[in-house]
file structure-v2.tsv (TSV, C-alpha atoms)
chain	number	residue	atom	x	y	z
A	1	MET	CA	0.00	0.00	0.00
A	2	LYS	CA	1.16	3.47	-0.79
A	3	LEU	CA	0.35	5.70	2.15
A	4	SER	CA	-1.36	9.06	1.59
A	5	ASN	CA	0.62	12.25	2.25
A	6	ASP	CA	-1.36	12.88	5.44
A	7	ALA	CA	-0.69	9.39	6.76
A	8	ASN	CA	2.99	9.68	5.78
A	9	LYS	CA	3.35	12.97	7.64
A	10	ALA	CA	1.54	11.81	10.78
A	11	LEU	CA	3.41	8.50	10.95
A	12	GLY	CA	6.78	10.18	10.29
A	13	LEU	CA	6.15	12.57	13.18
A	14	PHE	CA	5.16	9.68	15.47
A	15	LEU	CA	8.32	7.69	14.59
A	16	ARG	CA	10.53	10.69	15.39
A	17	GLN	CA	8.67	11.80	18.53
A	18	HIS	CA	8.64	8.32	20.04
A	19	LYS	CA	12.15	7.42	18.81
A	20	ILE	CA	10.99	4.14	17.30
A	21	PRO	CA	14.11	1.94	16.78
A	22	THR	CA	15.30	1.43	13.18
A	23	GLU	CA	14.67	-2.35	13.22
A	24	ASP	CA	11.02	-1.72	14.17
A	25	VAL	CA	10.74	0.89	11.40
A	26	ASN	CA	12.12	-1.60	8.87
A	27	ASP	CA	9.59	-4.19	10.00
A	28	LEU	CA	6.80	-1.59	9.80
A	29	GLU	CA	7.87	-0.62	6.28
A	30	GLU	CA	7.57	-4.23	5.18
A	31	VAL	CA	4.13	-4.72	6.76
A	32	VAL	CA	2.85	-1.46	5.20
A	33	SER	CA	4.14	-2.48	1.77
A	34	MET	CA	2.38	-5.86	2.16
A	35	MET	CA	-1.02	-4.21	2.77
A	36	PRO	CA	-3.40	-4.24	-0.19
A	37	ASP	CA	-4.49	-0.83	-1.56
A	38	ASP	CA	-8.11	-1.70	-0.88
A	39	ARG	CA	-8.30	-1.15	2.88
A	40	LYS	CA	-11.72	-2.82	3.05
A	41	GLN	CA	-9.92	-6.10	2.40
A	42	ILE	CA	-7.92	-5.58	5.58
A	43	TYR	CA	-10.68	-4.62	7.98
A	44	LYS	CA	-13.09	-7.22	6.70
A	45	ASN	CA	-10.55	-10.00	7.26
A	46	VAL	CA	-8.99	-9.16	10.62
A	47	GLU	CA	-10.39	-10.69	13.77
A	48	SER	CA	-12.07	-8.32	16.21
A	49	ASN	CA	-13.06	-8.81	19.79
A	50	PRO	CA	-16.30	-6.78	20.13
A	51	VAL	CA	-15.21	-5.69	23.62
A	52	GLY	CA	-12.08	-4.11	22.13
A	53	ASP	CA	-8.58	-4.87	20.81
A	54	LEU	CA	-6.54	-1.66	20.80
A	55	PHE	CA	-6.16	0.90	23.59
A	56	ARG	CA	-7.92	4.24	23.07
A	57	TYR	CA	-9.18	5.98	26.25
A	58	SER	CA	-7.51	6.39	29.64
A	59	VAL	CA	-9.43	5.57	32.82
A	60	HIS	CA	-9.86	9.35	33.41
A	61	ILE	CA	-11.77	9.84	30.15
A	62	ARG	CA	-13.93	6.79	30.94
A	63	ILE	CA	-14.79	8.10	34.42
A	64	GLN	CA	-15.61	11.53	32.92
A	65	HIS	CA	-17.96	9.93	30.38
A	66	LEU	CA	-19.70	7.93	33.13
A	67	LEU	CA	-20.07	11.07	35.27
A	68	THR	CA	-21.32	13.10	32.30
A	69	PHE	CA	-23.95	10.64	31.09
A	70	THR	CA	-25.34	9.78	34.54
A	71	THR	CA	-25.64	13.44	35.53
A	72	PHE	CA	-26.96	14.37	32.06
A	73	LEU	CA	-29.76	11.79	32.10
A	74	LEU	CA	-30.73	12.53	35.70
A	75	LEU	CA	-30.64	16.28	35.04
A	76	ALA	CA	-32.99	15.82	32.08
A	77	PHE	CA	-35.20	13.56	34.19
A	78	THR	CA	-35.50	16.13	37.00
A	79	GLY	CA	-35.32	19.24	34.80
A	80	LEU	CA	-38.43	18.43	32.74
A	81	PRO	CA	-40.78	18.11	35.77
A	82	ILE	CA	-39.39	21.43	37.10
A	83	HIS	CA	-40.02	23.22	33.79
A	84	TYR	CA	-43.50	21.63	33.39
A	85	ASN	CA	-44.33	21.56	37.09
A	86	ASP	CA	-48.09	21.92	36.49
A	87	ALA	CA	-48.33	19.20	33.80
A	88	PHE	CA	-50.39	16.12	34.64
A	89	TRP	CA	-47.36	13.79	34.67
A	90	ALA	CA	-45.02	16.22	36.47
A	91	VAL	CA	-47.25	16.66	39.53
A	92	PRO	CA	-47.08	13.03	40.77
A	93	PHE	CA	-43.36	12.89	39.89
A	94	ASN	CA	-42.59	15.97	42.00
A	95	ASP	CA	-44.87	14.69	44.79
A	96	VAL	CA	-42.94	11.42	45.00
A	97	LEU	CA	-39.72	13.35	45.51
A	98	GLY	CA	-41.36	15.69	48.07
A	99	GLY	CA	-42.52	18.61	45.96
A	100	VAL	CA	-40.99	20.69	43.17
A	101	GLU	CA	-38.73	22.43	45.73
A	102	VAL	CA	-37.03	19.10	46.45
A	103	THR	CA	-36.75	18.22	42.74
A	104	ARG	CA	-35.03	21.60	42.32
A	105	VAL	CA	-32.49	20.82	45.08
A	106	ILE	CA	-31.75	17.42	43.49
A	107	HIS	CA	-31.38	19.08	40.07
A	108	ARG	CA	-28.91	21.65	41.43
A	109	THR	CA	-26.91	19.03	43.31
A	110	LEU	CA	-26.58	16.97	40.11
A	111	ALA	CA	-25.61	20.14	38.24
A	112	THR	CA	-22.74	20.66	40.70
A	113	TRP	CA	-21.51	17.14	39.92
A	114	MET	CA	-21.69	17.86	36.20
A	115	VAL	CA	-19.66	21.07	36.65
A	116	LEU	CA	-17.10	19.12	38.71
A	117	SER	CA	-16.78	16.50	35.96
A	118	MET	CA	-16.26	19.32	33.43
A	119	GLY	CA	-13.47	20.68	35.63
A	120	TYR	CA	-11.96	17.20	35.92
A	121	HIS	CA	-12.07	16.86	32.13
A	122	LEU	CA	-10.42	20.26	31.49
A	123	PHE	CA	-7.74	19.43	34.05
A	124	THR	CA	-6.83	16.09	32.43
A	125	VAL	CA	-7.04	17.36	28.83
A	126	ILE	CA	-5.02	20.55	29.40
A	127	GLY	CA	-2.61	18.87	31.84
A	128	GLY	CA	-2.13	15.91	29.51
A	129	SER	CA	-1.42	18.21	26.55
A	130	ILE	CA	1.12	20.27	28.55
A	131	GLN	CA	2.81	17.03	29.60
A	132	LYS	CA	2.96	15.82	25.98
A	133	ILE	CA	4.31	19.18	24.75
A	134	SER	CA	7.02	19.18	27.42
A	135	GLN	CA	8.01	15.62	26.44
A	136	GLY	CA	8.06	16.59	22.75
A	137	LYS	CA	5.28	14.08	21.99
A	138	PHE	CA	2.37	16.39	21.14
A	139	ASP	CA	0.75	16.02	17.71
A	140	ILE	CA	-2.16	18.36	16.93
A	141	GLY	CA	-3.51	15.90	14.32
A	142	ARG	CA	-3.89	13.27	17.04
A	143	SER	CA	-5.79	15.65	19.33
A	144	ILE	CA	-9.46	16.72	19.30
A	145	ILE	CA	-8.52	20.17	17.89
A	146	PRO	CA	-10.10	20.64	14.41
A	147	VAL	CA	-7.57	20.98	11.56
A	148	LEU	CA	-7.89	21.56	7.81
A	149	LYS	CA	-7.52	17.82	7.18
A	150	ASP	CA	-10.95	17.29	8.83
A	151	ALA	CA	-12.61	19.30	6.04
A	152	ARG	CA	-10.78	17.20	3.42
A	153	ASP	CA	-11.75	14.00	5.28
A	154	PHE	CA	-15.37	15.12	5.35
A	155	MET	CA	-15.43	15.69	1.58
A	156	ALA	CA	-13.71	12.37	0.91
A	157	ASP	CA	-16.00	10.47	3.29
A	158	MET	CA	-19.10	11.95	1.62
A	159	ALA	CA	-17.64	10.93	-1.75
A	160	TYR	CA	-17.15	7.39	-0.41
A	161	HIS	CA	-20.74	7.19	0.87
A	162	ALA	CA	-21.98	8.48	-2.50
A	163	GLY	CA	-20.07	5.68	-4.25
A	164	GLN	CA	-17.48	8.02	-5.80
A	165	ARG	CA	-14.49	6.62	-3.91
A	166	GLU	CA	-13.09	3.14	-3.27
A	167	ASN	CA	-12.17	3.63	0.36
A	168	ARG	CA	-12.91	5.89	3.30
A	169	PRO	CA	-10.23	8.57	3.90
A	170	GLU	CA	-7.30	7.79	6.20
A	171	MET	CA	-8.59	9.51	9.32
A	172	ASP	CA	-6.82	10.23	12.60
A	173	LYS	CA	-7.57	9.25	16.19
A	174	PHE	CA	-10.58	11.60	16.21
A	175	MET	CA	-12.53	11.89	12.95
A	176	TYR	CA	-14.46	14.99	11.81
A	177	LYS	CA	-17.77	13.69	13.22
A	178	GLN	CA	-16.32	13.17	16.68
A	179	LYS	CA	-14.77	16.64	16.71
A	180	ILE	CA	-18.09	18.29	15.78
A	181	HIS	CA	-19.87	16.25	18.44
A	182	TYR	CA	-17.27	17.07	21.09
A	183	PHE	CA	-17.40	20.84	20.52
A	184	ALA	CA	-21.20	20.81	20.29
A	185	ALA	CA	-21.28	19.15	23.72
A	186	ALA	CA	-18.71	21.62	25.08
A	187	PHE	CA	-20.76	24.57	23.78
A	188	GLY	CA	-23.98	23.06	25.20
A	189	ASN	CA	-22.35	22.55	28.60
A	190	ILE	CA	-21.21	26.17	28.73
A	191	VAL	CA	-24.71	27.40	27.81
A	192	MET	CA	-26.27	25.17	30.50
A	193	VAL	CA	-23.78	26.20	33.19
A	194	VAL	CA	-24.05	29.95	32.45
A	195	SER	CA	-27.87	29.93	32.23
A	196	GLY	CA	-28.25	27.57	35.21
A	197	SER	CA	-25.92	29.67	37.36
A	198	SER	CA	-27.98	32.78	36.52
A	199	PHE	CA	-30.94	31.14	38.33
A	200	ILE	CA	-28.89	30.31	41.44
A	201	PHE	CA	-26.70	33.45	41.51
A	202	PRO	CA	-28.76	36.26	39.90
A	203	GLU	CA	-27.02	38.92	42.05
A	204	PHE	CA	-23.63	37.83	40.81
A	205	TRP	CA	-24.63	38.16	37.13
A	206	ASN	CA	-26.32	41.50	37.85
A	207	SER	CA	-23.12	42.82	39.40
A	208	VAL	CA	-20.84	41.78	36.52
A	209	LEU	CA	-23.09	42.71	33.57
A	210	PRO	CA	-23.90	46.29	32.39
A	211	THR	CA	-27.32	47.40	33.66
A	212	ASP	CA	-29.14	47.48	30.32
A	213	ILE	CA	-27.95	43.94	29.46
A	214	ALA	CA	-28.54	42.47	32.93
A	215	SER	CA	-32.31	43.08	32.74
A	216	HIS	CA	-32.61	41.06	29.49
A	217	PHE	CA	-30.02	38.49	30.53
A	218	GLN	CA	-32.23	36.68	33.04
A	219	GLU	CA	-35.05	36.35	30.50
A	220	MET	CA	-32.69	35.09	27.82
A	221	MET	CA	-31.30	32.51	30.23
A	222	ARG	CA	-34.83	31.37	31.21
A	223	LEU	CA	-35.43	30.68	27.51
A	224	SER	CA	-32.09	29.13	26.63
A	225	HIS	CA	-31.83	26.67	29.55
A	226	PRO	CA	-34.79	24.40	28.62
A	227	HIS	CA	-34.26	24.80	24.86
A	228	GLU	CA	-30.58	23.89	24.99
A	229	ALA	CA	-31.57	20.94	27.21
A	230	LEU	CA	-34.04	19.72	24.59
A	231	LEU	CA	-31.46	20.14	21.84
A	232	ALA	CA	-28.95	18.11	23.86
A	233	LEU	CA	-31.54	15.38	24.49
A	234	LEU	CA	-32.22	15.16	20.74
A	235	VAL	CA	-28.53	15.06	19.83
A	236	ILE	CA	-27.88	12.30	22.37
A	237	ALA	CA	-30.93	10.23	21.49
A	238	PHE	CA	-30.76	10.42	17.71
A	239	TRP	CA	-27.15	11.13	16.83
A	240	HIS	CA	-24.88	9.81	19.56
A	241	TRP	CA	-26.90	6.69	20.29
A	242	TYR	CA	-27.21	5.89	16.60
A	243	ASN	CA	-23.44	6.09	16.24
A	244	VAL	CA	-22.57	3.96	19.28
A	245	HIS	CA	-25.50	1.51	19.41
A	246	LEU	CA	-27.36	1.16	16.13
A	247	ALA	CA	-24.84	1.86	13.34
A	248	PRO	CA	-23.74	-1.22	11.37
A	249	GLY	CA	-20.61	-2.62	13.00
A	250	ARG	CA	-21.47	-1.10	16.39
A	251	PHE	CA	-24.76	-2.92	17.09
A	252	PRO	CA	-25.76	-3.78	19.85
A	253	MET	CA	-23.20	-1.59	21.64
A	254	GLN	CA	-19.75	-0.10	21.33
A	255	TRP	CA	-17.73	-1.07	24.41
A	256	THR	CA	-15.06	1.65	24.33
A	257	PHE	CA	-16.70	3.69	27.10
A	258	LEU	CA	-16.27	0.75	29.51
A	259	THR	CA	-13.11	-1.02	28.34
A	260	GLY	CA	-11.25	1.96	26.84
A	261	LYS	CA	-10.46	-0.23	23.83
A	262	LEU	CA	-11.54	-0.05	20.20
A	263	THR	CA	-12.04	-3.03	17.90
A	264	ARG	CA	-9.32	-3.60	15.30
A	265	GLU	CA	-11.89	-3.53	12.49
A	266	HIS	CA	-13.26	-0.14	13.57
A	267	GLN	CA	-9.81	1.39	13.97
A	268	ILE	CA	-8.61	0.31	10.51
A	269	GLU	CA	-11.81	1.61	8.92
A	270	GLU	CA	-12.29	4.96	10.66
A	271	HIS	CA	-8.98	5.74	12.38
A	272	PHE	CA	-6.37	4.29	10.04
A	273	ILE	CA	-3.64	6.79	11.02
A	274	GLU	CA	-4.01	5.78	14.66
A	275	TYR	CA	-3.82	2.13	13.55
A	276	LEU	CA	-0.51	2.87	11.81
A	277	ARG	CA	0.77	4.27	15.12
A	278	CYS	CA	-0.34	1.03	16.83
A	279	LEU	CA	1.56	-0.95	14.19
A	280	ALA	CA	4.65	1.22	14.80
A	281	SER	CA	4.62	0.74	18.56
A	282	LEU	CA	3.25	-2.81	18.92
A	283	PRO	CA	5.43	-5.60	17.41
A	284	LYS	CA	2.66	-8.11	18.26
A	285	GLU	CA	0.15	-6.21	16.11
A	286	ARG	CA	2.61	-6.19	13.18
A	287	ALA	CA	3.13	-9.94	13.55
A	288	TYR	CA	-0.63	-10.51	13.69
A	289	LEU	CA	-1.39	-8.39	10.62
A	290	ARG	CA	1.44	-10.00	8.62
A	291	GLU	CA	0.03	-13.43	9.43
A	292	VAL	CA	-3.50	-12.39	8.36
A	293	LEU	CA	-2.27	-10.87	5.08
A	294	VAL	CA	-0.24	-13.98	4.21
A	295	SER	CA	-2.79	-16.59	5.32
A	296	LYS	CA	-5.70	-14.89	3.52
A	297	GLY	CA	-3.66	-14.21	0.37
A	298	LEU	CA	-4.08	-10.44	0.65
A	299	VAL	CA	-0.41	-9.44	0.21
A	300	SER	CA	-0.22	-6.51	-2.21
A	301	ALA	CA	0.77	-7.59	-5.72
A	302	SER	CA	2.77	-4.39	-6.21
A	303	LYS	CA	4.74	-4.89	-3.00
A	304	GLU	CA	8.11	-4.07	-4.62
A	305	THR	CA	7.09	-0.78	-6.23
A	306	ASP	CA	5.10	0.30	-3.18
A	307	ALA	CA	8.12	-0.15	-0.95
A	308	ARG	CA	10.13	2.15	-3.20
A	309	GLN	CA	7.33	4.71	-3.33
A	310	ASN	CA	7.27	5.04	0.44
A	311	PHE	CA	9.84	7.76	0.97
A	312	LEU	CA	8.79	8.05	4.59
A	313	PHE	CA	10.95	5.19	5.74
A	314	ASP	CA	14.04	6.39	3.85
A	315	GLN	CA	13.49	9.84	5.32
A	316	HIS	CA	13.22	8.36	8.78
A	317	ARG	CA	16.42	6.36	8.41
A	318	GLN	CA	18.19	9.50	7.19
A	319	TRP	CA	16.84	11.41	10.20
A	320	VAL	CA	18.13	8.70	12.58
A	321	ARG	CA	21.55	8.83	10.86
A	322	GLU	CA	21.74	12.62	11.06
A	323	ARG	CA	20.75	12.57	14.71
A	324	ALA	CA	23.41	9.97	15.49
A	325	GLU	CA	26.01	12.04	13.62
A	326	GLN	CA	24.95	15.19	15.46
A	327	GLU	CA	25.22	13.44	18.81
A	328	ALA	CA	28.61	12.02	17.87
A	329	GLY	CA	29.67	15.53	16.83
A	330	LEU	CA	28.51	16.97	20.15
A	331	ASP	CA	30.38	14.22	22.03
A	332	SER	CA	33.61	14.97	20.19
A	333	MET	CA	33.13	18.70	20.83
A	334	ALA	CA	32.64	17.99	24.53
A	335	GLU	CA	35.83	15.90	24.53
A	336	ASP	CA	37.71	18.73	22.78
A	337	THR	CA	36.63	21.29	25.37
A	338	GLN	CA	37.53	18.90	28.20
A	339	SER	CA	41.01	18.30	26.83
B	1	MET	CA	-14.64	-10.26	11.34
B	2	MET	CA	-16.31	-9.74	14.70
B	3	SER	CA	-16.20	-12.63	17.18
B	4	GLN	CA	-19.22	-13.60	19.32
B	5	LEU	CA	-20.19	-11.93	22.60
B	6	THR	CA	-20.44	-14.05	25.74
B	7	LYS	CA	-23.80	-14.43	27.51
B	8	GLY	CA	-23.01	-11.78	30.14
B	9	GLN	CA	-21.74	-9.36	27.50
B	10	LYS	CA	-24.89	-9.89	25.44
B	11	PHE	CA	-26.98	-9.07	28.51
B	12	ILE	CA	-25.08	-5.81	29.10
B	13	ALA	CA	-25.11	-4.81	25.42
B	14	TYR	CA	-28.80	-5.49	24.73
B	15	GLY	CA	-29.82	-4.17	28.16
B	16	SER	CA	-28.06	-0.91	27.42
B	17	LEU	CA	-29.67	-0.80	23.98
B	18	VAL	CA	-33.15	-1.25	25.46
B	19	PHE	CA	-32.38	1.53	27.94
B	20	VAL	CA	-31.35	4.06	25.30
B	21	LEU	CA	-34.31	3.20	23.06
B	22	ALA	CA	-36.67	3.68	26.03
B	23	TRP	CA	-35.00	6.99	26.73
B	24	THR	CA	-35.47	8.00	23.09
B	25	VAL	CA	-39.20	7.32	23.43
B	26	PHE	CA	-39.16	9.48	26.54
B	27	GLY	CA	-37.41	12.21	24.52
B	28	LEU	CA	-40.12	12.06	21.88
B	29	PHE	CA	-42.72	12.29	24.65
B	30	ALA	CA	-40.92	15.38	26.01
B	31	ILE	CA	-41.00	17.01	22.56
B	32	TRP	CA	-44.69	16.25	22.23
B	33	LEU	CA	-45.22	17.94	25.63
B	34	MET	CA	-43.26	21.00	24.62
B	35	THR	CA	-45.17	21.44	21.38
B	36	SER	CA	-48.62	20.63	22.79
B	37	GLU	CA	-48.48	22.85	25.88
B	38	GLY	CA	-46.87	25.86	24.18

call {"tool": "encode", "arguments": {"input": "structure-v2.tsv", "output": "structure tokens"}}
result
Amino acid sequence: MKLSNDANKALGLFLRQHKIPTEDVNDLEEVVSMMPDDRKQIYKNVESNPVGDLFRYSVHIRIQHLLTFTTFLLLAFTGLPIHYNDAFWAVPFNDVLGGVEVTRVIHRTLATWMVLSMGYHLFTVIGGSIQKISQGKFDIGRSIIPVLKDARDFMADMAYHAGQRENRPEMDKFMYKQKIHYFAAAFGNIVMVVSGSSFIFPEFWNSVLPTDIASHFQEMMRLSHPHEALLALLVIAFWHWYNVHLAPGRFPMQWTFLTGKLTREHQIEEHFIEYLRCLASLPKERAYLREVLVSKGLVSASKETDARQNFLFDQHRQWVRERAEQEAGLDSMAEDTQS
Amino acid sequence: MMSQLTKGQKFIAYGSLVFVLAWTVFGLFAIWLMTSEG
């Protein structure tokens, strides 16, 4: 397989940042050249454990997702009877809890937990990024930050679904759809926290906002809180749950939120660049894929030419050589100054 | 090629699916309330 420019660039950066040894890079080059150009052939033939094969999410991210979805569902469940407190179904619900005043206290307590989980998330995401930057291992393409490639991926993916392309684009750890979903949720959370806090701390918002805005602000927040809540409920029920429960290949459930692992099939199809990184860092995965390609007769017919077309590996070897020479040069300089 | 789920895993997966579908019905009910009560 001849890798795309994007895949070449991302993989080259990973090899340098993680100082992958030359023998592993040689092995990787051979496995990549063995891959057939039609990626469907690979992901339809590899074995996948539905519970997950390859690591994706840390335990922190999994805890944050659990906190977010439990508080989200319970907030929706208590928020609706507060908003419609005189509706026929809301009256008995509020009565069971001890009146709408009690439902309100429960709703606000849950909201505090949701804000805490947001804080926890920001802390791990920002802290983790700072750590990666300081270690020289940060790659913006591997993060949730939208880049120009996402727009290209979107166009290519639409072309694939319209039958105009053989394969889906080579997407990174987070694809365009996940980035849109993530920032939609982040925006929704901010709207809910700002509007919700204006009900609990009206004096605070009055004191920080200019007088002519403050009088409209409360009314705007009264409108936006339930409407943003409904929008979020719709997005979760029809978009997110389709993608993780009902979509072909995910049915009856995607396990990543519990196990932190993604199936091999899914990663090769939708996150191929991340799969290449797995191949680079996991000798076992390379051995497995090589065995599958050979045993199923999928080895690329143009293996020889493909290997020569992949400049990435030559570039990497040159980079390793130059680095070694530089280090040797520095050593000899240090010896010179010592003597 | 996806391998088979064990019995316990099937229970979790389909149980969770039933839960989210029930919640979707609840969401539709909520929308009906919002539009019918104005």

call {"tool": "residues_around", "arguments": {"input": "structure-v2.tsv", "residues": "stretch 193-197 of chain A", "least_positions_apart": "6", "cutoff": "8 Å", "atoms": "all atoms listed in the file", "output": "number ranges by chain"}}
result
A: 115, 221-222, 224-225

call {"tool": "closest_residue", "arguments": {"input": "structure-v2.tsv", "among": "A:Val96, A:Met253, A:Val31, A:Ala324", "to": "B:Gly15", "atoms": "all atoms listed in the file"}}
result
A:Met253

call {"tool": "residues_around", "arguments": {"input": "structure-v2.tsv", "residues": "stretch 8-10 of chain B", "least_positions_apart": "6", "cutoff": "12 Å", "atoms": "all atoms listed in the file", "output": "list in words"}}
result
Asn49, Pro50, Val51, Phe251, Pro252, Met253, Gln254, Trp255 and Leu258 of chain A; Ser16, Leu17 and Val18 of chain B

call {"tool": "closest_residue", "arguments": {"input": "structure-v2.tsv", "among": "A:Leu3, A:Gly127, A:Leu231, A:Lys137", "to": "B:Gly27", "atoms": "all atoms listed in the file"}}
result
A:Leu231

call {"tool": "atom_distance", "arguments": {"input": "structure-v2.tsv", "atom1": "atom CA of A:Leu11", "atom2": "atom CA of A:His65"}}
result
28.9 Å

call {"tool": "interface_residues", "arguments": {"input": "structure-v2.tsv", "of": "chain A", "to": "chain B", "cutoff": "9 Å", "atoms": "only C-alpha atoms", "output": "JSON, numbers by chain"}}
result
{"A": [43, 44, 45, 46, 47, 48, 49, 50, 51, 73, 80, 84, 87, 230, 233, 234, 236, 237, 238, 241, 245, 246, 249, 251, 252, 253, 254, 255, 263, 265]}

call {"tool": "closest_residue", "arguments": {"input": "structure-v2.tsv", "among": "A:Thr68, A:Gly128, A:Leu276, A:Gly79", "to": "A:Arg108", "atoms": "all atoms listed in the file"}}
result
A:Gly79

call {"tool": "residues_around", "arguments": {"input": "structure-v2.tsv", "residues": "A:Met1", "least_positions_apart": "3", "cutoff": "7 Å", "atoms": "only C-alpha atoms", "output": "PyMOL selection string"}}
result
chain A and resi 32-37+300+306

call {"tool": "residues_around", "arguments": {"input": "structure-v2.tsv", "residues": "A:Ala111", "least_positions_apart": "5", "cutoff": "10 Å", "atoms": "all atoms listed in the file", "output": "list in words"}}
result
Thr71, Phe72, Leu74, Leu75, Val105, Ile106, Leu116, Ser117, Met192, Val193, Gly196 and Ser197 of chain A

call {"tool": "atom_distance", "arguments": {"input": "structure-v2.tsv", "atom1": "atom CA of A:His18", "atom2": "atom CA of A:Val292"}}
result
26.7 Å

call {"tool": "atom_distance", "arguments": {"input": "structure-v2.tsv", "atom1": "atom CA of A:Ser58", "atom2": "atom CA of A:Lys9"}}
result
25.4 Å

call {"tool": "residues_around", "arguments": {"input": "structure-v2.tsv", "residues": "A:Leu15", "least_positions_apart": "4", "cutoff": "9 Å", "atoms": "all atoms listed in the file", "output": "JSON, numbers by chain"}}
result
{"A": [10, 11, 19, 20, 21, 25, 277, 280, 281, 316]}

call {"tool": "closest_residue", "arguments": {"input": "structure-v2.tsv", "among": "A:Met118, A:Leu279, A:Ile82, A:Val100", "to": "A:Ile63", "atoms": "all atoms listed in the file"}}
result
A:Met118

call {"tool": "axis_aligned_box", "arguments": {"input": "structure-v2.tsv", "around": "stretch 247-260 of chain A", "padding_each_side": "3 Å", "output": "JSON"}}
result
{"center_x": -18.5, "center_y": 0.0, "center_z": 20.4, "size_x": 20.5, "size_y": 13.5, "size_z": 24.1}

call {"tool": "decode", "arguments": {"input": "structure-v2.tsv", "residues": "stretch 17-28 of chain B", "atoms": "N, CA, C and O atoms", "output": "PDB file, in the first residue's frame"}}
result
ATOM      1  N   LEU B  17     -28.943  -1.207  25.184  1.00  0.00           N
ATOM      2  CA  LEU B  17     -29.671  -0.798  23.977  1.00  0.00           C
ATOM      3  C   LEU B  17     -31.141  -0.523  24.293  1.00  0.00           C
ATOM      4  O   LEU B  17     -31.704   0.492  23.885  1.00  0.00           O
ATOM      5  N   VAL B  18     -31.748  -1.424  25.073  1.00  0.00           N
ATOM      6  CA  VAL B  18     -33.152  -1.248  25.464  1.00  0.00           C
ATOM      7  C   VAL B  18     -33.296   0.056  26.250  1.00  0.00           C
ATOM      8  O   VAL B  18     -34.230   0.834  26.039  1.00  0.00           O
ATOM      9  N   PHE B  19     -32.334   0.314  27.134  1.00  0.00           N
ATOM     10  CA  PHE B  19     -32.378   1.534  27.939  1.00  0.00           C
ATOM     11  C   PHE B  19     -32.365   2.782  27.063  1.00  0.00           C
ATOM     12  O   PHE B  19     -33.184   3.678  27.221  1.00  0.00           O
ATOM     13  N   VAL B  20     -31.432   2.833  26.105  1.00  0.00           N
ATOM     14  CA  VAL B  20     -31.347   4.057  25.296  1.00  0.00           C
ATOM     15  C   VAL B  20     -32.561   4.206  24.379  1.00  0.00           C
ATOM     16  O   VAL B  20     -33.018   5.320  24.130  1.00  0.00           O
ATOM     17  N   LEU B  21     -33.120   3.094  23.907  1.00  0.00           N
ATOM     18  CA  LEU B  21     -34.313   3.200  23.064  1.00  0.00           C
ATOM     19  C   LEU B  21     -35.495   3.705  23.892  1.00  0.00           C
ATOM     20  O   LEU B  21     -36.267   4.559  23.441  1.00  0.00           O
ATOM     21  N   ALA B  22     -35.606   3.208  25.142  1.00  0.00           N
ATOM     22  CA  ALA B  22     -36.674   3.676  26.025  1.00  0.00           C
ATOM     23  C   ALA B  22     -36.502   5.167  26.292  1.00  0.00           C
ATOM     24  O   ALA B  22     -37.472   5.936  26.304  1.00  0.00           O
ATOM     25  N   TRP B  23     -35.260   5.564  26.468  1.00  0.00           N
ATOM     26  CA  TRP B  23     -35.003   6.987  26.734  1.00  0.00           C
ATOM     27  C   TRP B  23     -35.347   7.837  25.508  1.00  0.00           C
ATOM     28  O   TRP B  23     -35.823   8.958  25.617  1.00  0.00           O
ATOM     29  N   THR B  24     -35.114   7.291  24.323  1.00  0.00           N
ATOM     30  CA  THR B  24     -35.473   8.005  23.095  1.00  0.00           C
ATOM     31  C   THR B  24     -36.982   8.224  23.030  1.00  0.00           C
ATOM     32  O   THR B  24     -37.453   9.309  22.670  1.00  0.00           O
ATOM     33  N   VAL B  25     -37.742   7.186  23.405  1.00  0.00           N
ATOM     34  CA  VAL B  25     -39.204   7.315  23.429  1.00  0.00           C
ATOM     35  C   VAL B  25     -39.595   8.418  24.413  1.00  0.00           C
ATOM     36  O   VAL B  25     -40.447   9.263  24.127  1.00  0.00           O
ATOM     37  N   PHE B  26     -38.903   8.436  25.551  1.00  0.00           N
ATOM     38  CA  PHE B  26     -39.163   9.480  26.543  1.00  0.00           C
ATOM     39  C   PHE B  26     -38.862  10.862  25.955  1.00  0.00           C
ATOM     40  O   PHE B  26     -39.606  11.820  26.174  1.00  0.00           O
ATOM     41  N   GLY B  27     -37.774  10.948  25.180  1.00  0.00           N
ATOM     42  CA  GLY B  27     -37.405  12.212  24.525  1.00  0.00           C
ATOM     43  C   GLY B  27     -38.495  12.678  23.580  1.00  0.00           C
ATOM     44  O   GLY B  27     -38.860  13.860  23.571  1.00  0.00           O
ATOM     45  N   LEU B  28     -39.026  11.722  22.800  1.00  0.00           N
ATOM     46  CA  LEU B  28     -40.121  12.057  21.875  1.00  0.00           C
ATOM     47  C   LEU B  28     -41.343  12.549  22.648  1.00  0.00           C
ATOM     48  O   LEU B  28     -42.006  13.512  22.267  1.00  0.00           O
TER      49      LEU B  28
END
